[in-house]
>>> print(open('final_38.txt').read())   # compact mmCIF, C-alpha atoms
# COMPACT_ATOMS: atom_id res chain seq x y z
CA MET U 5 44.35 -39.55 -2.39
CA SER U 6 45.70 -37.56 0.46
CA GLN U 7 45.66 -40.40 2.94
CA ASP U 8 47.50 -42.81 0.65
CA TRP U 9 50.84 -41.39 1.67
CA MET U 10 50.35 -42.93 5.08
CA LYS U 11 50.45 -46.42 3.65
CA SER U 12 53.71 -45.85 1.79
CA GLU U 13 55.37 -43.75 4.47
CA SER U 14 56.24 -46.27 7.11
CA HIS U 15 57.98 -43.72 9.31
CA VAL U 16 54.73 -41.79 10.07
CA PRO U 17 54.12 -42.13 13.78
CA ARG U 18 51.18 -44.21 14.82
CA HIS U 19 49.44 -41.47 16.82
CA ILE U 20 49.38 -39.19 13.75
CA ARG U 21 47.92 -41.97 11.67
CA GLU U 22 45.23 -42.54 14.29
CA ALA U 23 44.49 -38.82 14.59
CA VAL U 24 44.04 -38.52 10.84
CA GLU U 25 41.64 -41.45 10.84
CA ARG U 26 39.68 -39.88 13.69
CA TRP U 27 39.32 -36.53 11.84
CA SER U 28 38.23 -38.32 8.71
CA GLU U 29 35.53 -40.15 10.62
CA LYS U 30 34.31 -36.96 12.27
CA LEU U 31 34.15 -35.09 8.99
CA THR U 32 32.32 -37.94 7.32
CA LYS U 33 29.76 -37.80 10.12
CA ALA U 34 29.42 -34.04 9.52
CA GLY U 35 27.98 -34.95 6.11
CA ARG U 36 31.00 -34.31 3.92
CA THR U 37 32.08 -36.54 1.06
CA LYS U 38 35.47 -38.18 0.85
CA GLU U 39 36.48 -35.74 -1.89
CA ASP U 40 35.77 -32.80 0.37
CA ILE U 41 37.93 -34.26 3.10
CA ASP U 42 40.73 -35.09 0.69
CA ASN U 43 40.64 -31.61 -0.79
CA LEU U 44 40.65 -30.06 2.64
CA PHE U 45 43.69 -31.93 3.88
CA SER U 46 45.65 -32.52 0.70
CA ASP U 47 46.14 -28.87 -0.25
CA ALA U 48 48.38 -27.58 2.47
CA ASP U 49 48.42 -29.79 5.50
CA TRP U 50 49.51 -33.23 4.41
CA PRO U 51 52.94 -32.25 3.08
CA THR U 52 53.56 -30.35 6.31
CA VAL U 53 52.49 -33.29 8.39
CA VAL U 54 54.74 -35.55 6.36
CA LEU U 55 57.68 -33.20 6.74
CA TRP U 56 57.19 -32.78 10.43
CA SER U 57 56.63 -36.42 11.05
CA ARG U 58 59.96 -37.05 9.30
CA ASP U 59 61.50 -34.45 11.57
CA TYR U 60 59.93 -36.21 14.45
CA SER U 61 61.46 -39.49 13.47
CA LEU U 62 64.93 -37.93 12.95
CA ARG U 63 65.14 -35.46 15.81
CA SER U 64 64.90 -36.00 19.47
CA ARG U 65 61.60 -37.30 20.79
CA GLU U 66 60.90 -34.24 22.95
CA ALA U 67 61.44 -31.42 20.44
CA GLY U 68 59.71 -33.17 17.54
CA GLY U 69 56.90 -34.27 19.77
CA ARG U 70 56.00 -30.71 20.69
CA ARG U 71 55.90 -29.61 17.03
CA VAL U 72 53.80 -32.54 15.99
CA GLN U 73 51.44 -31.90 18.86
CA ARG U 74 51.12 -28.26 17.79
CA LYS U 75 50.35 -29.36 14.25
CA ILE U 76 47.75 -31.78 15.48
CA ARG U 77 46.15 -28.95 17.47
CA GLU U 78 46.12 -26.76 14.31
CA LEU U 79 44.48 -29.51 12.33
CA HIS U 80 41.97 -30.01 15.08
CA ASN U 81 41.06 -26.29 14.93
CA LEU U 82 40.78 -26.57 11.18
CA GLN U 83 38.33 -29.42 11.57
CA THR U 84 36.28 -27.42 14.11
CA ASN U 85 36.17 -24.40 11.78
CA PHE U 86 35.23 -26.67 8.93
CA ALA U 87 32.23 -27.98 10.87
CA LEU U 88 31.24 -24.45 11.85
CA TYR U 89 31.46 -23.15 8.29
CA SER U 90 29.50 -26.07 6.95
CA PHE U 91 26.75 -25.19 9.45
CA ILE U 92 26.82 -21.50 8.45
CA TYR U 93 26.64 -22.39 4.75
CA LYS U 94 23.74 -24.72 5.44
CA VAL U 95 21.82 -21.92 7.20
CA ARG U 96 22.69 -19.45 4.46
CA ASP U 97 21.51 -21.85 1.73
CA THR U 98 18.26 -22.49 3.59
CA ILE U 99 17.54 -18.78 4.02
CA ALA U 100 18.43 -18.06 0.40
CA GLY U 101 16.13 -20.87 -0.73
CA ARG U 102 13.24 -19.58 1.35
CA LEU U 103 13.74 -16.02 0.11
CA LYS U 104 13.83 -17.21 -3.46
CA GLN U 105 10.58 -19.07 -2.86
CA LEU U 106 9.03 -16.00 -1.24
CA PHE U 107 9.99 -13.69 -4.10
CA ALA U 108 8.67 -16.19 -6.60
CA ILE U 109 5.34 -16.20 -4.76
CA THR U 110 5.06 -12.40 -4.48
CA GLN U 111 6.02 -11.90 -8.09
CA ASP U 112 3.41 -14.29 -9.36
CA ARG U 113 0.52 -13.19 -7.21
CA VAL U 114 -1.60 -10.06 -7.34
CA ARG U 115 -1.49 -8.21 -4.04
CA ILE U 116 -4.27 -6.04 -2.71
CA ASP U 117 -2.91 -3.03 -0.87
CA ARG U 118 -4.68 -0.34 1.07
CA PRO U 119 -4.01 3.20 -0.09
CA PRO U 120 -1.09 4.69 1.86
CA ALA U 121 -1.17 7.25 4.71
CA GLY U 122 -4.05 5.47 6.45
CA ILE U 123 -2.58 6.21 9.89
CA LEU U 124 -2.48 9.91 9.09
CA LEU U 125 -6.15 9.84 8.12
CA ARG U 126 -7.15 7.98 11.27
CA VAL U 127 -5.16 10.28 13.56
CA GLY U 128 -6.55 13.35 11.79
CA ARG U 129 -10.12 12.04 12.10
CA PHE U 130 -9.57 11.46 15.80
CA LEU U 131 -7.93 14.81 16.59
CA LEU U 132 -9.64 17.31 14.31
CA THR U 133 -13.18 18.48 13.64
CA HIS U 134 -14.90 17.05 10.59
CA ASP U 135 -14.56 20.33 8.73
CA ALA U 136 -10.82 20.70 9.45
CA TYR U 137 -10.23 17.04 8.70
CA THR U 138 -11.95 17.24 5.31
CA ARG U 139 -10.36 20.52 4.38
CA TYR U 140 -6.74 19.93 5.42
CA ILE U 141 -5.97 16.28 6.05
CA GLU U 142 -8.10 14.68 3.35
CA SER U 143 -6.88 17.11 0.71
CA TYR U 144 -3.28 16.64 1.77
CA VAL U 145 -3.57 12.85 1.74
CA ALA U 146 -5.37 12.98 -1.61
CA ASP U 147 -2.28 14.68 -3.03
CA ILE U 148 -0.08 11.96 -1.54
CA HIS U 149 -2.32 9.31 -3.13
CA HIS U 150 -2.18 11.06 -6.46
CA GLU U 151 1.62 11.18 -6.49
CA TYR U 152 1.89 7.66 -5.07
CA TYR U 153 -0.25 6.04 -7.76
CA ALA U 154 1.35 8.11 -10.50
CA ALA U 155 4.76 6.79 -9.40
CA LEU U 156 3.46 3.21 -9.22
CA GLN U 157 1.97 3.45 -12.68
CA ALA U 158 5.33 4.66 -13.96
CA GLY U 159 6.89 1.58 -12.34
CA GLU U 160 8.86 3.66 -9.82
CA TYR U 161 8.21 1.66 -6.66
CA TRP U 162 10.84 3.40 -4.52
CA ARG U 163 9.69 6.85 -5.55
CA ALA U 164 6.18 5.87 -4.47
CA GLN U 165 7.51 4.84 -1.04
CA TRP U 166 9.46 8.07 -0.83
CA VAL U 167 6.27 10.09 -1.52
CA VAL U 168 4.53 8.46 1.44
CA TRP U 169 7.42 8.95 3.87
CA ARG U 170 7.88 12.53 2.76
CA GLY U 171 4.16 13.10 3.35
CA TYR U 172 4.41 11.87 6.93
CA TRP U 173 7.62 13.79 7.53
CA ARG U 174 6.05 17.08 6.43
CA VAL U 175 3.07 16.62 8.71
CA LEU U 176 5.35 15.84 11.63
CA ALA U 177 7.58 18.88 10.98
CA PRO U 178 5.43 21.36 12.98
CA LEU U 179 5.09 18.81 15.77
CA ARG U 180 8.86 18.37 15.85
CA GLY U 181 9.28 22.14 16.06
CA GLY U 182 6.76 22.36 18.90
CA LEU U 183 8.43 19.53 20.78
CA MET U 184 11.85 21.13 20.47
CA ALA U 185 10.50 24.49 21.68
CA THR U 186 8.89 22.79 24.69
CA LEU U 187 12.13 20.97 25.53
CA ARG U 188 14.11 24.19 25.21
CA ALA U 189 11.67 26.01 27.51
CA LEU U 190 11.88 23.21 30.06
CA LEU U 191 15.69 23.25 29.98
CA GLN U 192 15.68 27.01 30.49
CA LEU U 193 13.39 26.59 33.47
CA TRP U 194 15.57 23.95 35.07
CA PHE U 195 19.01 25.49 34.54
CA MET D 5 -19.05 46.38 9.16
CA ALA D 6 -16.13 48.06 7.39
CA ASN D 7 -13.69 46.32 9.72
CA GLU D 8 -15.23 42.95 8.96
CA ARG D 9 -14.88 43.56 5.24
CA LEU D 10 -11.28 44.65 5.73
CA ARG D 11 -10.57 41.46 7.65
CA ASP D 12 -11.68 39.52 4.59
CA TRP D 13 -9.33 41.42 2.37
CA PRO D 14 -6.89 38.91 0.79
CA THR D 15 -3.28 38.74 1.94
CA LYS D 16 -0.38 38.69 -0.54
CA ALA D 17 -0.24 34.90 -0.63
CA GLU D 18 -4.02 34.68 -1.00
CA THR D 19 -3.92 37.21 -3.84
CA LEU D 20 -1.30 35.08 -5.57
CA VAL D 21 -3.56 32.03 -5.30
CA LEU D 22 -6.53 34.03 -6.61
CA GLN D 23 -4.47 35.25 -9.57
CA MET D 24 -3.45 31.69 -10.45
CA LEU D 25 -7.04 30.49 -10.21
CA GLN D 26 -8.21 33.35 -12.40
CA ASN D 27 -5.85 32.25 -15.14
CA GLU D 28 -7.09 28.66 -14.98
CA THR D 29 -10.77 28.70 -15.79
CA GLY D 30 -11.10 24.95 -15.38
CA GLY D 31 -9.90 25.16 -11.77
CA MET D 32 -6.73 23.91 -10.12
CA TYR D 33 -5.72 21.24 -7.65
CA GLY D 34 -3.75 22.14 -4.53
CA LEU D 35 -0.61 20.48 -5.83
CA GLU D 36 -0.86 22.35 -9.13
CA ILE D 37 -1.03 25.63 -7.23
CA VAL D 38 2.13 24.70 -5.30
CA GLN D 39 3.95 23.83 -8.52
CA ALA D 40 2.74 26.94 -10.37
CA SER D 41 3.80 29.25 -7.50
CA LYS D 42 7.45 28.16 -7.98
CA GLY D 43 8.21 27.91 -4.27
CA ALA D 44 6.14 30.88 -3.07
CA ILE D 45 3.50 28.56 -1.62
CA LYS D 46 4.47 25.38 0.22
CA ARG D 47 2.64 22.08 0.27
CA GLY D 48 2.01 22.40 3.98
CA SER D 49 0.35 25.79 3.71
CA VAL D 50 -1.57 25.60 0.45
CA TYR D 51 -4.66 23.99 1.97
CA VAL D 52 -4.63 26.45 4.86
CA LEU D 53 -4.70 29.29 2.33
CA LEU D 54 -7.37 27.63 0.22
CA GLY D 55 -9.42 26.85 3.33
CA ARG D 56 -9.26 30.48 4.40
CA LEU D 57 -10.25 31.65 0.91
CA GLU D 58 -13.11 29.18 0.93
CA GLU D 59 -14.34 30.52 4.27
CA LYS D 60 -14.23 34.04 2.88
CA GLY D 61 -16.20 32.84 -0.13
CA PHE D 62 -13.53 33.68 -2.72
CA VAL D 63 -12.97 30.12 -3.92
CA LYS D 64 -15.13 27.05 -4.17
CA ALA D 65 -13.92 23.48 -3.70
CA GLN D 66 -15.41 20.80 -5.90
CA LYS D 67 -14.91 17.20 -4.93
CA PRO D 68 -15.27 14.78 -7.80
CA LYS D 69 -17.16 11.55 -7.27
CA ALA D 70 -15.12 8.53 -6.30
CA ASP D 71 -13.69 6.71 -9.30
CA LEU D 72 -13.72 2.93 -9.07
CA ASP D 73 -10.56 2.67 -11.15
CA TYR D 74 -8.65 4.98 -8.83
CA PRO D 75 -8.05 3.60 -5.31
CA GLY D 76 -6.91 6.88 -3.70
CA LEU D 77 -8.91 9.74 -2.24
CA PRO D 78 -10.38 12.17 -4.80
CA ARG D 79 -8.60 15.53 -4.93
CA PRO D 80 -10.67 18.69 -4.49
CA LEU D 81 -10.66 21.05 -7.46
CA TYR D 82 -10.58 24.75 -6.56
CA LYS D 83 -12.33 27.37 -8.65
CA LEU D 84 -12.61 31.11 -8.31
CA THR D 85 -16.07 32.41 -7.34
CA ALA D 86 -17.64 35.58 -8.71
CA GLU D 87 -16.93 37.33 -5.41
CA GLY D 88 -13.33 36.20 -5.49
CA SER D 89 -13.00 37.52 -9.00
CA ARG D 90 -14.40 40.92 -7.95
CA VAL D 91 -12.13 41.13 -4.90
CA LEU D 92 -9.10 40.23 -7.00
CA ALA D 93 -9.98 42.90 -9.55
CA ALA D 94 -10.36 45.48 -6.76
CA ALA D 95 -7.10 44.40 -5.11
CA GLU D 96 -5.21 44.63 -8.38
CA GLU D 97 -6.73 48.02 -9.14
CA LEU D 98 -5.91 49.41 -5.73
CA GLY D 99 -2.62 47.54 -5.46
CA LEU D 100 -3.56 46.56 -1.96
CA ALA D 101 -2.68 43.41 -0.12
CA VAL D 102 -2.67 43.02 3.63
CA GLY D 103 0.25 41.18 5.23
CA VAL D 104 1.51 37.92 3.79
>>> encode(input="final_38.txt", output="structure tokens")
Amino acid sequence: MSQDWMKSESHVPRHIREAVERWSEKLTKAGRTKEDIDNLFSDADWPTVVLWSRDYSLRSREAGGRRVQRKIRELHNLQTNFALYSFIYKVRDTIAGRLKQLFAITQDRVRIDRPPAGILLRVGRFLLTHDAYTRYIESYVADIHHEYYAALQAGEYWRAQWVVWRGYWRVLAPLRGGLMATLRALLQLWF
Amino acid sequence: MANERLRDWPTKAETLVLQMLQNETGGMYGLEIVQASKGAIKRGSVYVLLGRLEEKGFVKAQKPKADLDYPGLPRPLYKLTAEGSRVLAAAEELGLAVGV
């Protein structure tokens, strides 16, 4: 629809006509339908091109030529952006499709998870005596497990995650304090 | 000998734990003790206290057998021993508690 005006408007300069045909070809190669191209150009740009090409035919060759050239440059940028956006949308659609697939898989399948705070148990087993490990770490982690599974049973997935992170954070608190004290002592020694 | 016995005397926090365990004949879990203390005992220190009381012989930890339906670690259940009960009675009678 948008390119029909060219046929009726005999005063449209030849180089504009050729440029329009070139853009159309490029966009068609980019995988867009004719409707897309028509919609893209018909909305705002064709009337302007028509107007300016009329100007071009009426005014002096030099002044009009510069304006038409500027417009052609604008349209060229528009075409470049259009190709870029079409690529971005393609990537976005692909990612969205894959994610949808992934969620569908995870929702349908039964997952087997290890109980949480496994790292804490392993580190405790490595660092502490058996007695201290059983008395302090195992009991502490058992509490985490209890709260974690209670939250999961209640369907509160995020609360369950929070329980685990809070558990780790509390264990690390004395270590953080010790580290800060060491740093402070070192700074006092240096300065 | 007397000094050793005095060293075993429960602190204020330990006395609090012993009192809570005395009220619960079925025993209590560590987390239940924390919740019942209303902020007096923290999660990070409850097992240190219970461990110390266990060493002194005032409480006994019972570990239930692993349950196949429950994937987590079993929680130890703490109960007051006869000695713990006697010490608590003496501490309450004398109104003595050493430190915190």
>>> atom_distance(input="final_38.txt", atom1="atom CA of D:Pro14", atom2="atom CA of U:Tyr137")
23.5 Å
>>> interface_residues(input="final_38.txt", of="chain D", to="chain U", cutoff="10 Å", atoms="all atoms listed in the file", output="list in words")
Tyr33, Gly34, Leu35, Glu36, Arg47, Gly48, Ser49, Val50, Tyr51, Val52, Leu54, Gly55, Glu58, Ala65, Lys67, Tyr74, Pro75, Gly76, Leu77, Pro78, Arg79, Pro80 and Leu81 of chain D
>>> closest_residue(input="final_38.txt", among="D:Val63, D:Thr19, D:Ala70, D:Asp12", to="D:Glu96", atoms="all atoms listed in the file")
D:Thr19
>>> closest_residue(input="final_38.txt", among="U:Ile92, U:His134, U:Leu124, U:Phe195", to="U:Val168", atoms="all atoms listed in the file")
U:Leu124
>>> atom_distance(input="final_38.txt", atom1="atom CA of D:Ala94", atom2="atom CA of D:Arg56")
18.7 Å
>>> atom_distance(input="final_38.txt", atom1="atom CA of D:Gln66", atom2="atom CA of D:Gly31")
9.2 Å
>>> residues_near_point(input="final_38.txt", point="(-14.4, 28.5, -6.0)", cutoff="6 Å", atoms="only C-alpha atoms", output="PyMOL selection string")
chain D and resi 63-65+82-85
>>> write_last_selection(input="final_38.txt", atoms="C-alpha atoms", output="short mmCIF file (atom, residue, chain, number, x, y, z; two decimals), in the frame of the given file")
data_model
loop_
_atom_site.label_atom_id
_atom_site.label_comp_id
_atom_site.auth_asym_id
_atom_site.auth_seq_id
_atom_site.Cartn_x
_atom_site.Cartn_y
_atom_site.Cartn_z
CA VAL D 63 -12.97 30.12 -3.92
CA LYS D 64 -15.13 27.05 -4.17
CA ALA D 65 -13.92 23.48 -3.70
CA TYR D 82 -10.58 24.75 -6.56
CA LYS D 83 -12.33 27.37 -8.65
CA LEU D 84 -12.61 31.11 -8.31
CA THR D 85 -16.07 32.41 -7.34
#
